[in-house]
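Student: Got a structure for you, run.pdb, holding PDB, C-alpha atoms.
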ATOM      1  CA  MET E   1      72.921  24.393  67.665
ATOM      2  CA  ASN E   2      76.493  24.411  66.361
ATOM      3  CA  ARG E   3      77.455  21.215  64.563
ATOM      4  CA  LYS E   4      80.247  20.532  67.014
ATOM      5  CA  GLU E   5      77.853  20.754  69.976
ATOM      6  CA  GLY E   6      75.748  17.905  68.678
ATOM      7  CA  ILE E   7      78.351  15.459  67.415
ATOM      8  CA  LEU E   8      80.403  12.799  69.173
ATOM      9  CA  LEU E   9      84.004  13.773  69.873
ATOM     10  CA  SER E  10      85.121  10.552  68.195
ATOM     11  CA  SER E  11      83.622  11.602  64.842
ATOM     12  CA  PRO E  12      86.236  12.501  62.212
ATOM     13  CA  PRO E  13      86.585  16.140  61.170
ATOM     14  CA  ILE E  14      84.786  17.388  58.073
ATOM     15  CA  ILE E  15      86.979  19.091  55.477
ATOM     16  CA  GLY E  16      85.515  21.356  52.819
ATOM     17  CA  ILE E  17      87.281  21.319  49.442
ATOM     18  CA  LEU E  18      86.540  24.396  47.349
ATOM     19  CA  ALA E  19      85.285  23.245  43.948
ATOM     20  CA  ASN E  20      86.138  24.556  40.493
ATOM     21  CA  ILE E  21      83.967  25.363  37.459
ATOM     22  CA  THR E  22      84.575  24.245  33.880
ATOM     23  CA  PHE E  23      83.036  25.884  30.845
ATOM     24  CA  ALA E  24      80.155  24.150  29.060
ATOM     25  CA  ASP E  25      81.110  20.857  27.429
ATOM     26  CA  TYR E  26      79.558  19.114  24.449
ATOM     27  CA  LEU E  27      76.389  18.555  26.492
ATOM     28  CA  GLY E  28      76.025  22.319  26.882
ATOM     29  CA  THR E  29      76.430  22.513  30.644
ATOM     30  CA  ASP E  30      79.072  23.778  33.081
ATOM     31  CA  HIS E  31      80.526  21.437  35.698
ATOM     32  CA  MET E  32      81.545  21.985  39.323
ATOM     33  CA  TYR E  33      84.235  19.554  40.419
ATOM     34  CA  VAL E  34      87.418  18.697  42.305
ATOM     35  CA  ASN E  35      90.073  16.232  41.186
ATOM     36  CA  ASP E  36      89.710  12.923  43.002
ATOM     37  CA  GLU E  37      93.255  13.075  44.411
ATOM     38  CA  TYR E  38      92.097  15.612  47.025
ATOM     39  CA  VAL E  39      89.403  13.235  48.234
ATOM     40  CA  LEU E  40      91.714  10.216  48.222
ATOM     41  CA  ALA E  41      94.399  12.018  50.232
ATOM     42  CA  LEU E  42      91.916  13.206  52.860
ATOM     43  CA  GLU E  43      90.330   9.781  53.075
ATOM     44  CA  LYS E  44      93.747   8.271  53.842
ATOM     45  CA  VAL E  45      94.196  10.564  56.857
ATOM     46  CA  ASN E  46      90.749   9.636  58.206
ATOM     47  CA  VAL E  47      88.766  12.810  57.648
ATOM     48  CA  VAL E  48      85.446  13.306  55.857
ATOM     49  CA  PRO E  49      85.808  15.370  52.658
ATOM     50  CA  ILE E  50      82.936  17.343  51.195
ATOM     51  CA  ILE E  51      82.943  19.452  48.034
ATOM     52  CA  ILE E  52      81.999  23.134  48.376
ATOM     53  CA  PRO E  53      80.355  24.390  45.162
ATOM     54  CA  PRO E  54      80.398  28.094  44.216
ATOM     55  CA  ILE E  55      77.083  29.782  45.016
ATOM     56  CA  MET E  56      76.036  33.423  44.803
ATOM     57  CA  ARG E  57      73.931  33.542  47.976
ATOM     58  CA  TYR E  58      76.572  34.951  50.272
ATOM     59  CA  GLU E  59      74.296  34.827  53.309
ATOM     60  CA  MET E  60      74.952  31.056  53.212
ATOM     61  CA  LEU E  61      78.728  31.357  53.596
ATOM     62  CA  ASN E  62      78.596  30.978  57.372
ATOM     63  CA  THR E  63      76.690  27.721  56.895
ATOM     64  CA  TYR E  64      79.739  26.277  55.157
ATOM     65  CA  VAL E  65      82.022  27.616  57.879
ATOM     66  CA  ASN E  66      79.838  26.122  60.638
ATOM     67  CA  LEU E  67      79.570  22.793  58.818
ATOM     68  CA  CYS E  68      83.286  22.212  58.310
ATOM     69  CA  ASP E  69      86.280  21.836  60.615
ATOM     70  CA  GLY E  70      88.841  22.957  58.022
ATOM     71  CA  PHE E  71      89.153  23.879  54.366
ATOM     72  CA  ILE E  72      91.311  23.068  51.362
ATOM     73  CA  LEU E  73      91.670  25.893  48.843
ATOM     74  CA  SER E  74      92.182  23.746  45.771
ATOM     75  CA  GLY E  75      93.965  24.214  42.466
ATOM     76  CA  GLY E  76      92.202  25.389  39.337
ATOM     77  CA  VAL E  77      91.943  28.082  36.680
ATOM     78  CA  ASP E  78      93.566  31.525  36.729
ATOM     79  CA  ILE E  79      92.295  34.322  38.957
ATOM     80  CA  ASN E  80      90.936  37.436  37.262
ATOM     81  CA  PRO E  81      93.462  40.279  37.781
ATOM     82  CA  ILE E  82      90.648  42.738  38.547
ATOM     83  CA  TYR E  83      90.766  41.260  42.066
ATOM     84  CA  PHE E  84      94.287  42.618  42.591
ATOM     85  CA  ASN E  85      93.894  45.826  40.574
ATOM     86  CA  GLU E  86      95.784  44.847  37.431
ATOM     87  CA  GLU E  87      94.999  44.757  33.723
ATOM     88  CA  PRO E  88      95.045  41.314  32.050
ATOM     89  CA  SER E  89      98.381  40.014  30.806
ATOM     90  CA  ARG E  90      98.601  38.629  27.264
ATOM     91  CA  ASN E  91      99.327  35.211  28.784
ATOM     92  CA  LEU E  92      96.399  35.180  31.215
ATOM     93  CA  GLY E  93      94.516  31.889  30.994
ATOM     94  CA  THR E  94      90.880  30.962  31.596
ATOM     95  CA  VAL E  95      89.138  32.926  34.365
ATOM     96  CA  ASN E  96      85.686  32.633  35.908
ATOM     97  CA  ASN E  97      84.291  35.645  37.777
ATOM     98  CA  LYS E  98      81.621  33.643  39.612
ATOM     99  CA  LEU E  99      84.258  31.249  40.906
ATOM    100  CA  ASP E 100      86.613  34.061  41.952
ATOM    101  CA  ALA E 101      83.953  36.144  43.679
ATOM    102  CA  PHE E 102      82.605  33.191  45.652
ATOM    103  CA  GLN E 103      85.973  31.790  46.688
ATOM    104  CA  ILE E 104      87.311  35.178  47.763
ATOM    105  CA  ALA E 105      84.194  35.848  49.854
ATOM    106  CA  LEU E 106      84.277  32.386  51.463
ATOM    107  CA  THR E 107      88.019  32.491  52.120
ATOM    108  CA  LYS E 108      87.679  35.825  53.913
ATOM    109  CA  ASN E 109      84.941  34.282  56.092
ATOM    110  CA  ILE E 110      87.188  31.290  56.830
ATOM    111  CA  LEU E 111      90.040  33.611  57.808
ATOM    112  CA  ARG E 112      87.772  35.545  60.172
ATOM    113  CA  SER E 113      86.720  32.258  61.770
ATOM    114  CA  ARG E 114      90.419  31.259  62.148
ATOM    115  CA  MET E 115      89.686  27.766  60.879
ATOM    116  CA  PRO E 116      92.510  25.561  59.545
ATOM    117  CA  ILE E 117      93.453  26.189  55.911
ATOM    118  CA  LEU E 118      95.540  24.163  53.480
ATOM    119  CA  ALA E 119      95.907  26.143  50.255
ATOM    120  CA  ILE E 120      97.170  24.383  47.121
ATOM    121  CA  CYS E 121      98.366  25.873  43.785
ATOM    122  CA  ARG E 122      95.559  28.297  42.799
ATOM    123  CA  GLY E 123      94.768  28.211  46.513
ATOM    124  CA  ILE E 124      98.036  29.920  47.528
ATOM    125  CA  GLN E 125      97.289  32.660  44.994
ATOM    126  CA  LEU E 126      93.688  32.971  46.207
ATOM    127  CA  LEU E 127      94.795  33.240  49.833
ATOM    128  CA  ASN E 128      97.405  35.834  48.911
ATOM    129  CA  ILE E 129      94.870  38.004  47.084
ATOM    130  CA  CYS E 130      92.414  37.748  49.995
ATOM    131  CA  LEU E 131      95.126  39.175  52.259
ATOM    132  CA  GLY E 132      95.977  42.064  49.920
ATOM    133  CA  GLY E 133      98.842  40.521  47.948
ATOM    134  CA  THR E 134      99.403  40.271  44.200
ATOM    135  CA  ILE E 135     100.368  37.492  41.799
ATOM    136  CA  TYR E 136     102.313  37.174  38.588
ATOM    137  CA  GLN E 137      99.727  36.464  35.898
ATOM    138  CA  ASP E 138     102.293  34.364  34.034
ATOM    139  CA  MET E 139     105.782  33.081  34.780
ATOM    140  CA  ASP E 140     107.073  35.159  31.847
ATOM    141  CA  ASP E 141     106.148  38.269  33.876
ATOM    142  CA  ILE E 142     108.811  37.405  36.469
ATOM    143  CA  PRO E 143     111.910  39.563  35.848
ATOM    144  CA  ASN E 144     114.547  36.851  36.343
ATOM    145  CA  ASN E 145     114.883  33.594  34.428
ATOM    146  CA  THR E 146     112.880  30.751  35.913
ATOM    147  CA  ILE E 147     113.149  26.987  35.860
ATOM    148  CA  LEU E 148     110.394  24.755  34.455
ATOM    149  CA  HIS E 149     107.228  25.117  36.551
ATOM    150  CA  MET E 150     104.840  23.213  34.261
ATOM    151  CA  GLN E 151     106.241  19.705  34.275
ATOM    152  CA  LYS E 152     105.784  17.158  31.509
ATOM    153  CA  SER E 153     106.428  14.042  33.595
ATOM    154  CA  GLU E 154     104.056  12.024  35.800
ATOM    155  CA  ARG E 155     101.799  14.168  37.963
ATOM    156  CA  TYR E 156     102.977  12.594  41.203
ATOM    157  CA  ARG E 157     106.708  12.945  40.566
ATOM    158  CA  GLY E 158     108.751  15.730  42.172
ATOM    159  CA  ILE E 159     110.851  17.633  39.635
ATOM    160  CA  HIS E 160     112.383  20.604  41.466
ATOM    161  CA  LYS E 161     113.610  21.500  44.916
ATOM    162  CA  VAL E 162     111.987  23.889  47.381
ATOM    163  CA  ASP E 163     114.186  25.294  50.151
ATOM    164  CA  LEU E 164     112.272  25.727  53.423
ATOM    165  CA  GLU E 165     112.788  28.322  56.131
ATOM    166  CA  PRO E 166     113.536  27.291  59.728
ATOM    167  CA  ASN E 167     110.882  28.100  62.346
ATOM    168  CA  SER E 168     108.075  27.107  59.982
ATOM    169  CA  LYS E 169     105.593  24.246  60.122
ATOM    170  CA  LEU E 170     106.793  22.963  56.743
ATOM    171  CA  TYR E 171     110.394  22.888  58.013
ATOM    172  CA  GLU E 172     109.204  20.823  60.982
ATOM    173  CA  LEU E 173     107.531  18.395  58.564
ATOM    174  CA  PHE E 174     110.153  18.112  55.820
ATOM    175  CA  GLY E 175     113.431  19.623  56.986
ATOM    176  CA  ASP E 176     115.395  22.216  55.038
ATOM    177  CA  SER E 177     114.269  21.188  51.527
ATOM    178  CA  ILE E 178     111.908  18.960  49.598
ATOM    179  CA  PHE E 179     111.383  17.962  45.961
ATOM    180  CA  VAL E 180     107.923  18.839  44.637
ATOM    181  CA  ASN E 181     105.847  18.513  41.489
ATOM    182  CA  SER E 182     104.936  21.652  39.548
ATOM    183  CA  TYR E 183     101.867  22.627  37.503
ATOM    184  CA  HIS E 184     101.476  26.398  37.487
ATOM    185  CA  HIS E 185     102.013  29.358  35.198
ATOM    186  CA  GLN E 186     101.055  31.963  37.831
ATOM    187  CA  ALA E 187     102.859  32.642  41.118
ATOM    188  CA  VAL E 188     102.812  34.882  44.178
ATOM    189  CA  ALA E 189     104.402  38.284  43.496
ATOM    190  CA  VAL E 190     103.902  40.508  46.567
ATOM    191  CA  PRO E 191     102.897  38.540  49.696
ATOM    192  CA  GLY E 192      99.743  39.700  51.468
ATOM    193  CA  ALA E 193      99.443  40.898  55.038
ATOM    194  CA  ASN E 194     100.346  38.343  57.733
ATOM    195  CA  LEU E 195     101.786  35.906  55.204
ATOM    196  CA  GLN E 196     105.303  34.653  55.817
ATOM    197  CA  VAL E 197     107.256  33.241  52.865
ATOM    198  CA  VAL E 198     108.678  29.904  54.055
ATOM    199  CA  GLY E 199     109.639  28.179  50.796
ATOM    200  CA  ARG E 200     111.235  29.140  47.471
ATOM    201  CA  SER E 201     112.490  27.236  44.458
ATOM    202  CA  THR E 202     116.085  27.774  43.336
ATOM    203  CA  ASP E 203     114.942  30.545  40.956
ATOM    204  CA  LYS E 204     113.496  32.401  43.998
ATOM    205  CA  VAL E 205     109.840  31.840  43.013
ATOM    206  CA  ILE E 206     107.645  31.705  46.121
ATOM    207  CA  GLU E 207     106.531  28.107  46.645
ATOM    208  CA  ALA E 208     105.191  28.117  50.215
ATOM    209  CA  MET E 209     103.752  30.571  52.737
ATOM    210  CA  GLU E 210     102.247  30.340  56.210
ATOM    211  CA  ILE E 211      99.788  32.669  57.926
ATOM    212  CA  LYS E 212     101.412  34.414  60.887
ATOM    213  CA  ASP E 213      99.743  34.124  64.306
ATOM    214  CA  TYR E 214      97.102  31.749  62.974
ATOM    215  CA  PRO E 215      96.193  28.292  64.318
ATOM    216  CA  TYR E 216      96.969  26.456  61.040
ATOM    217  CA  GLY E 217      97.420  28.163  57.701
ATOM    218  CA  ILE E 218      99.760  26.546  55.165
ATOM    219  CA  ALA E 219      99.848  27.444  51.472
ATOM    220  CA  VAL E 220     101.914  25.616  48.836
ATOM    221  CA  GLN E 221     102.352  26.194  45.123
ATOM    222  CA  TRP E 222     102.814  22.513  44.284
ATOM    223  CA  HIS E 223     100.209  19.709  44.300
ATOM    224  CA  PRO E 224     100.771  17.509  47.386
ATOM    225  CA  GLU E 225      97.520  15.628  46.745
ATOM    226  CA  MET E 226      98.890  14.343  43.410
ATOM    227  CA  MET E 227     102.103  13.180  45.077
ATOM    228  CA  PHE E 228     100.283  11.581  48.015
ATOM    229  CA  ALA E 229      97.918   9.682  45.724
ATOM    230  CA  ARG E 230     100.817   7.622  44.343
ATOM    231  CA  THR E 231     103.811   7.962  46.673
ATOM    232  CA  GLU E 232     102.538   9.120  50.114
ATOM    233  CA  GLU E 233     105.491  11.563  50.249
ATOM    234  CA  MET E 234     103.095  14.249  51.402
ATOM    235  CA  ARG E 235     101.349  12.198  54.082
ATOM    236  CA  GLU E 236     102.945  14.297  56.837
ATOM    237  CA  LEU E 237     101.411  17.462  55.408
ATOM    238  CA  PHE E 238      97.900  16.056  55.144
ATOM    239  CA  GLN E 239      98.241  14.354  58.523
ATOM    240  CA  SER E 240      99.227  17.602  60.209
ATOM    241  CA  PHE E 241      96.279  19.362  58.562
ATOM    242  CA  ALA E 242      93.859  16.638  59.678
ATOM    243  CA  GLU E 243      95.132  16.844  63.256
ATOM    244  CA  ALA E 244      94.701  20.631  63.267
ATOM    245  CA  CYS E 245      91.054  20.169  62.299
ATOM    246  CA  ILE E 246      90.140  17.916  65.240
TER     247      ILE E 246
END
Would it be possible to restate this file's structure as C-alpha coordinates?
Tutor:
Amino acid sequence: MNRKEGILLSSPPIIGILANITFADYLGTDHMYVNDEYVLALEKVNVVPIIIPPIMRYEMLNTYVNLCDGFILSGGVDINPIYFNEEPSRNLGTVNNKLDAFQIALTKNILRSRMPILAICRGIQLLNICLGGTIYQDMDDIPNNTILHMQKSERYRGIHKVDLEPNSKLYELFGDSIFVNSYHHQAVAVPGANLQVVGRSTDKVIEAMEIKDYPYGIAVQWHPEMMFARTEEMRELFQSFAEACI
(Lines of atoms letter the chains of each structure in order from A and count residues from 1; the text may use other names and numbers.)
(Lines give C-alpha, C1' and ligand atoms only; values in the text may rest on other atoms or scores of the structure.)
Protein backbone atom coordinates (compact mmCIF):
# COMPACT_ATOMS: atom_id res chain seq x y z
CA MET A 1 0.00 0.00 0.00
CA ASN A 2 1.30 3.47 -0.86
CA ARG A 3 2.09 5.58 2.19
CA LYS A 4 -0.41 8.21 1.17
CA GLU A 5 -3.21 5.63 0.95
CA GLY A 6 -2.83 4.70 4.59
CA ILE A 7 -2.31 8.06 6.25
CA LEU A 8 -4.74 10.70 7.46
CA LEU A 9 -5.08 13.71 5.16
CA SER A 10 -4.41 15.96 8.15
CA SER A 11 -0.91 14.50 8.65
CA PRO A 12 1.90 16.90 7.70
CA PRO A 13 3.97 16.13 4.60
CA ILE A 14 7.27 14.30 4.96
CA ILE A 15 10.28 16.03 3.41
CA GLY A 16 13.47 14.14 2.62
CA ILE A 17 16.71 16.11 3.00
CA LEU A 18 19.60 14.59 1.07
CA ALA A 19 22.50 14.09 3.48
CA ASN A 20 26.19 14.76 2.98
CA ILE A 21 29.30 12.72 3.84
CA THR A 22 32.40 13.97 5.64
CA PHE A 23 35.77 12.26 5.54
CA ALA A 24 36.93 10.27 8.58
CA ASP A 25 37.53 12.39 11.67
CA TYR A 26 39.85 11.76 14.60
CA LEU A 27 37.69 8.79 15.60
CA GLY A 28 38.42 7.18 12.23
CA THR A 29 34.89 7.16 10.87
CA ASP A 30 32.96 9.02 8.15
CA HIS A 31 29.79 10.93 9.03
CA MET A 32 26.50 11.39 7.18
CA TYR A 33 24.77 14.62 8.14
CA VAL A 34 22.76 17.73 7.31
CA ASN A 35 23.14 21.13 8.93
CA ASP A 36 20.43 21.71 11.52
CA GLU A 37 19.18 24.88 9.79
CA TYR A 38 17.41 22.73 7.17
CA VAL A 39 15.52 20.86 9.88
CA LEU A 40 14.67 24.03 11.81
CA ALA A 41 13.32 25.79 8.72
CA LEU A 42 11.12 22.83 7.76
CA GLU A 43 9.89 22.44 11.31
CA LYS A 44 8.76 26.09 11.29
CA VAL A 45 6.55 25.49 8.24
CA ASN A 46 4.95 22.43 9.86
CA VAL A 47 6.39 19.58 7.84
CA VAL A 48 8.20 16.45 9.02
CA PRO A 49 11.87 16.39 7.94
CA ILE A 50 13.81 13.18 7.55
CA ILE A 51 17.45 12.77 6.54
CA ILE A 52 18.19 10.64 3.46
CA PRO A 53 21.61 8.97 3.79
CA PRO A 54 23.60 7.88 0.71
CA ILE A 55 23.29 4.14 0.09
CA MET A 56 24.54 1.98 -2.76
CA ARG A 57 21.52 -0.32 -3.05
CA TYR A 58 19.77 1.50 -5.85
CA GLU A 59 16.80 -0.87 -5.82
CA MET A 60 15.80 0.99 -2.63
CA LEU A 61 15.57 4.41 -4.28
CA ASN A 62 11.84 4.08 -4.95
CA THR A 63 11.32 3.40 -1.25
CA TYR A 64 12.60 6.89 -0.50
CA VAL A 65 10.42 8.36 -3.24
CA ASN A 66 7.31 6.56 -1.93
CA LEU A 67 8.07 7.55 1.66
CA CYS A 68 8.44 11.29 1.07
CA ASP A 69 6.16 14.02 -0.26
CA GLY A 70 9.00 16.29 -1.40
CA PHE A 71 12.77 16.60 -1.32
CA ILE A 72 15.44 19.16 -0.48
CA LEU A 73 18.68 18.80 -2.43
CA SER A 74 20.99 20.25 0.19
CA GLY A 75 24.31 22.07 0.09
CA GLY A 76 27.62 20.30 0.50
CA VAL A 77 30.95 19.40 -1.08
CA ASP A 78 31.93 19.80 -4.74
CA ILE A 79 30.61 17.49 -7.44
CA ASN A 80 33.12 15.34 -9.31
CA PRO A 81 33.49 16.74 -12.86
CA ILE A 82 33.44 13.22 -14.33
CA TYR A 83 29.65 13.51 -14.03
CA PHE A 84 29.59 16.33 -16.59
CA ASN A 85 32.45 15.08 -18.77
CA GLU A 86 35.20 17.46 -17.65
CA GLU A 87 38.70 17.07 -16.27
CA PRO A 88 39.29 18.39 -12.72
CA SER A 89 40.15 22.07 -12.34
CA ARG A 90 43.13 23.04 -10.17
CA ASN A 91 40.68 24.71 -7.78
CA LEU A 92 38.31 21.75 -7.44
CA GLY A 93 37.53 21.08 -3.78
CA THR A 94 36.64 17.91 -1.88
CA VAL A 95 34.55 15.38 -3.83
CA ASN A 96 32.94 12.09 -2.83
CA ASN A 97 32.02 9.63 -5.59
CA LYS A 98 29.64 7.61 -3.40
CA LEU A 99 27.74 10.77 -2.51
CA ASP A 100 27.59 11.97 -6.12
CA ALA A 101 26.52 8.63 -7.58
CA PHE A 102 23.75 8.16 -5.02
CA GLN A 103 22.39 11.69 -5.19
CA ILE A 104 22.37 11.75 -8.99
CA ALA A 105 20.53 8.41 -9.12
CA LEU A 106 17.98 9.48 -6.49
CA THR A 107 17.43 12.91 -8.04
CA LYS A 108 16.69 11.34 -11.42
CA ASN A 109 14.12 9.08 -9.71
CA ILE A 110 12.57 12.11 -8.00
CA LEU A 111 12.35 13.95 -11.32
CA ARG A 112 10.63 10.97 -12.95
CA SER A 113 8.12 10.92 -10.09
CA ARG A 114 7.51 14.70 -10.55
CA MET A 115 7.69 15.26 -6.81
CA PRO A 116 8.36 18.76 -5.41
CA ILE A 117 12.03 19.76 -5.28
CA LEU A 118 13.79 22.60 -3.49
CA ALA A 119 17.45 22.58 -4.49
CA ILE A 120 19.95 24.62 -2.46
CA CYS A 121 23.59 25.55 -3.27
CA ARG A 122 25.21 22.20 -4.21
CA GLY A 123 21.62 21.16 -4.91
CA ILE A 124 21.20 23.58 -7.84
CA GLN A 125 24.41 22.20 -9.33
CA LEU A 126 23.30 18.61 -8.73
CA LEU A 127 19.92 19.24 -10.37
CA ASN A 128 21.60 20.93 -13.32
CA ILE A 129 23.95 17.99 -13.90
CA CYS A 130 21.06 15.51 -13.65
CA LEU A 131 19.35 17.40 -16.49
CA GLY A 132 22.44 17.46 -18.72
CA GLY A 133 23.91 20.83 -17.75
CA THR A 134 27.43 21.77 -16.66
CA ILE A 135 28.92 23.80 -13.82
CA TYR A 136 31.93 26.01 -13.30
CA GLN A 137 34.26 24.05 -11.03
CA ASP A 138 35.45 27.31 -9.49
CA MET A 139 34.41 30.95 -9.73
CA ASP A 140 37.84 31.74 -11.21
CA ASP A 141 36.80 29.67 -14.26
CA ILE A 142 34.10 32.24 -15.11
CA PRO A 143 35.37 34.50 -17.93
CA ASN A 144 34.14 37.82 -16.52
CA ASN A 145 35.02 39.38 -13.18
CA THR A 146 32.74 38.29 -10.36
CA ILE A 147 31.69 39.78 -7.06
CA LEU A 148 32.34 38.05 -3.72
CA HIS A 149 30.40 34.76 -3.56
CA MET A 150 32.00 33.34 -0.40
CA GLN A 151 30.98 35.81 2.27
CA LYS A 152 32.87 36.46 5.49
CA SER A 153 29.97 37.90 7.48
CA GLU A 154 27.24 36.14 9.48
CA ARG A 155 25.77 33.12 7.71
CA TYR A 156 22.23 34.46 7.82
CA ARG A 157 22.99 37.91 6.42
CA GLY A 158 22.30 38.78 2.78
CA ILE A 159 25.31 40.35 1.07
CA HIS A 160 24.45 40.66 -2.63
CA LYS A 161 21.43 41.22 -4.82
CA VAL A 162 19.75 38.69 -7.11
CA ASP A 163 17.54 40.06 -9.89
CA LEU A 164 14.52 37.83 -10.55
CA GLU A 165 12.70 37.23 -13.81
CA PRO A 166 8.96 37.95 -14.14
CA ASN A 167 6.66 34.96 -14.71
CA SER A 168 8.60 32.85 -12.20
CA LYS A 169 7.59 31.44 -8.83
CA LEU A 170 10.46 33.29 -7.14
CA TYR A 171 9.27 36.59 -8.64
CA GLU A 172 5.81 35.89 -7.22
CA LEU A 173 7.39 35.32 -3.79
CA PHE A 174 9.96 38.12 -3.66
CA GLY A 175 9.34 40.61 -6.45
CA ASP A 176 11.98 41.78 -8.90
CA SER A 177 15.02 41.36 -6.61
CA ILE A 178 16.18 40.04 -3.27
CA PHE A 179 19.36 40.19 -1.18
CA VAL A 180 20.84 36.77 -0.42
CA ASN A 181 23.73 35.20 1.45
CA SER A 182 26.49 33.48 -0.51
CA TYR A 183 28.69 30.45 0.22
CA HIS A 184 29.81 28.85 -3.03
CA HIS A 185 32.87 28.59 -5.23
CA GLN A 186 31.10 26.60 -7.98
CA ALA A 187 28.18 27.79 -10.12
CA VAL A 188 25.92 26.74 -12.97
CA ALA A 189 27.59 27.18 -16.38
CA VAL A 190 25.30 25.72 -19.06
CA PRO A 191 21.71 25.14 -17.83
CA GLY A 192 20.32 21.64 -18.30
CA ALA A 193 17.25 20.65 -20.28
CA ASN A 194 13.94 22.10 -19.04
CA LEU A 195 15.66 24.47 -16.63
CA GLN A 196 14.75 28.14 -16.87
CA VAL A 197 17.19 30.70 -15.44
CA VAL A 198 15.09 33.03 -13.26
CA GLY A 199 17.71 34.78 -11.12
CA ARG A 200 21.19 36.26 -11.59
CA SER A 201 23.53 38.33 -9.46
CA THR A 202 24.81 41.63 -10.85
CA ASP A 203 27.88 39.86 -12.29
CA LYS A 204 25.50 37.62 -14.32
CA VAL A 205 26.23 34.45 -12.30
CA ILE A 206 23.19 32.16 -12.30
CA GLU A 207 21.62 32.24 -8.84
CA ALA A 208 18.19 30.67 -9.39
CA MET A 209 16.48 28.29 -11.82
CA GLU A 210 13.07 26.64 -12.07
CA ILE A 211 12.08 23.42 -13.81
CA LYS A 212 9.79 24.11 -16.76
CA ASP A 213 6.41 22.34 -16.89
CA TYR A 214 6.95 20.75 -13.49
CA PRO A 215 4.64 20.91 -10.45
CA TYR A 216 7.25 22.53 -8.15
CA GLY A 217 10.95 22.69 -8.90
CA ILE A 218 12.93 25.64 -7.53
CA ALA A 219 16.72 25.75 -7.33
CA VAL A 220 18.73 28.53 -5.65
CA GLN A 221 22.46 29.07 -5.28
CA TRP A 222 22.19 30.79 -1.89
CA HIS A 223 21.32 29.25 1.50
CA PRO A 224 17.73 30.23 2.42
CA GLU A 225 17.75 27.85 5.39
CA MET A 226 20.58 29.85 7.02
CA MET A 227 18.68 33.11 6.51
CA PHE A 228 15.38 31.66 7.74
CA ALA A 229 16.99 30.26 10.89
CA ARG A 230 17.74 33.78 12.14
CA THR A 231 15.65 36.28 10.17
CA GLU A 232 12.68 34.40 8.60
CA GLU A 233 13.31 36.37 5.36
CA MET A 234 12.96 33.14 3.44
CA ARG A 235 9.78 31.93 5.12
CA GLU A 236 7.78 32.50 1.92
CA LEU A 237 10.05 30.15 0.00
CA PHE A 238 9.85 27.33 2.53
CA GLN A 239 6.12 27.91 3.00
CA SER A 240 5.48 27.63 -0.73
CA PHE A 241 7.53 24.42 -0.85
CA ALA A 242 5.63 22.94 2.11
CA GLU A 243 2.29 23.75 0.49
CA ALA A 244 3.38 22.11 -2.77
CA CYS A 245 4.13 18.91 -0.85
CA ILE A 246 0.64 18.53 0.66
Student: So what do you get for CA of Gln196 in chain E versus CA of Gly123 in chain E, distance-wise?
Tutor: 15.5 Å
Student: From the set E:Asn62, E:Glu154, E:Phe71, E:Ala219, which residue has the shortest atom-to-atom contact distance to Ile50 in chain E, counting only C-alpha atoms?
Tutor: E:Phe71
Student: Neighbouring residues of range 187-195 of chain E were defined as those with any atom within 9 Å, considering only C-alpha atoms; residues of the same chain fewer than 2 positions away were excluded. Please report them as number ranges by chain.
Tutor: E: 121-122, 124-125, 127-139, 142, 184-185, 197, 205-207, 209-213, 221
Student: How would you write as number ranges by chain the residues that get within 12 Å of (81.5, 18.9, 38.4) in the file's frame, counting only C-alpha atoms?
Tutor: E: 18-25, 29-36, 51-54
Student: Point out the residue among E:Leu67, E:Gly199, E:Gly75, E:Leu27 with the least atom-to-atom distance to Asn167 in chain E, counting all atoms listed in the file.
Tutor: E:Gly199
Student: Given the point (95.0, 32.4, 27.7) in the coordinates of this file, which residues lie within 12 Å, counting only C-alpha atoms, and how would they look as a list in words?
Tutor: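 Residues satisfying the cut-off, written out: Val77, Asp78, Ile79, Asn80, Pro88, Ser89, Arg90, Asn91, Leu92, Gly93, Thr94, Val95, Gln137, Asp138, His185 and Gln186 of chain E.
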Student: Once the PyMOL selection byres ((chain E and resi 240) around 12) has been evaluated on this model, what residues remain selected, and can you format them as a PyMOL selection string?
Tutor: chain E and resi 42+45-47+70+116-118+169-170+172-174+215-218+234-239+241-246
Student: Quick one: distance from CA of Thr63 in chain E to CA of Pro81 in chain E in Å, one decimal?
Tutor: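 CA of Thr63 in chain E sits 28.4 Å away from CA of Pro81 in chain E.
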Student: Please determine, counting only C-alpha atoms, which residue among E:Asp163, E:Glu233, E:Glu225, E:Glu43 has the shortest atom-to-atom distance to Leu73 in chain E.
Tutor: E:Glu225
Student: Calculate how many Å separate CA of Tyr64 in chain E from CA of Met226 in chain E, rounding to one decimal.
Tutor: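 Separation between CA of Tyr64 in chain E and CA of Met226 in chain E: 25.4 Å.
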Student: Write out as a VMD selection string each polymer residue whose atoms come within 6 Å of Val180 in chain E, counting only C-alpha atoms; drop sequence neighbours fewer than 6 positions from it.
Tutor: chain E and resid 158 to 160
Student: Assuming the chain letters and numbering stay as they are in my file, what does the PyMOL selection byres ((chain E and resi 144) around 12) actually select? List them as a list of chain:residue names.
Tutor: E:Met139, E:Asp140, E:Asp141, E:Ile142, E:Pro143, E:Asn145, E:Thr146, E:Ile147, E:Thr202, E:Asp203, E:Lys204, E:Val205
Student: On this structure, the PyMOL selection byres ((chain E and resi 104-111) around 7) would catch which residues? List them as a list in words, sorted by chain and number.
Tutor: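 With the shown file as input, the PyMOL selection byres ((chain E and resi 104-111) around 7) matches Leu61, Val65, Asp100, Ala101, Phe102, Gln103, Arg112, Ser113, Arg114, Met115, Leu126 and Cys130 of chain E.
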Student: Padding 6 Å on each side, edges along x, y and z: where is the centre of the box around the listed atoms of range 100-111 of chain E, and how long are its edges in Å to one decimal? Output it as lines of an AutoDock Vina configuration file.
Tutor:
center_x = 86.3
center_y = 33.7
center_z = 49.9
size_x = 19.4
size_y = 16.9
size_z = 27.9
Student: Kindly indicate which residue among E:Tyr58, E:Phe84, E:Trp222, E:Phe228 lies nearest to Tyr183 in chain E, using only C-alpha atoms for the distances.
Tutor: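 Checking each of E:Tyr58, E:Phe84, E:Trp222, E:Phe228 against Tyr183 in chain E, counting only C-alpha atoms, the winner is E:Trp222.
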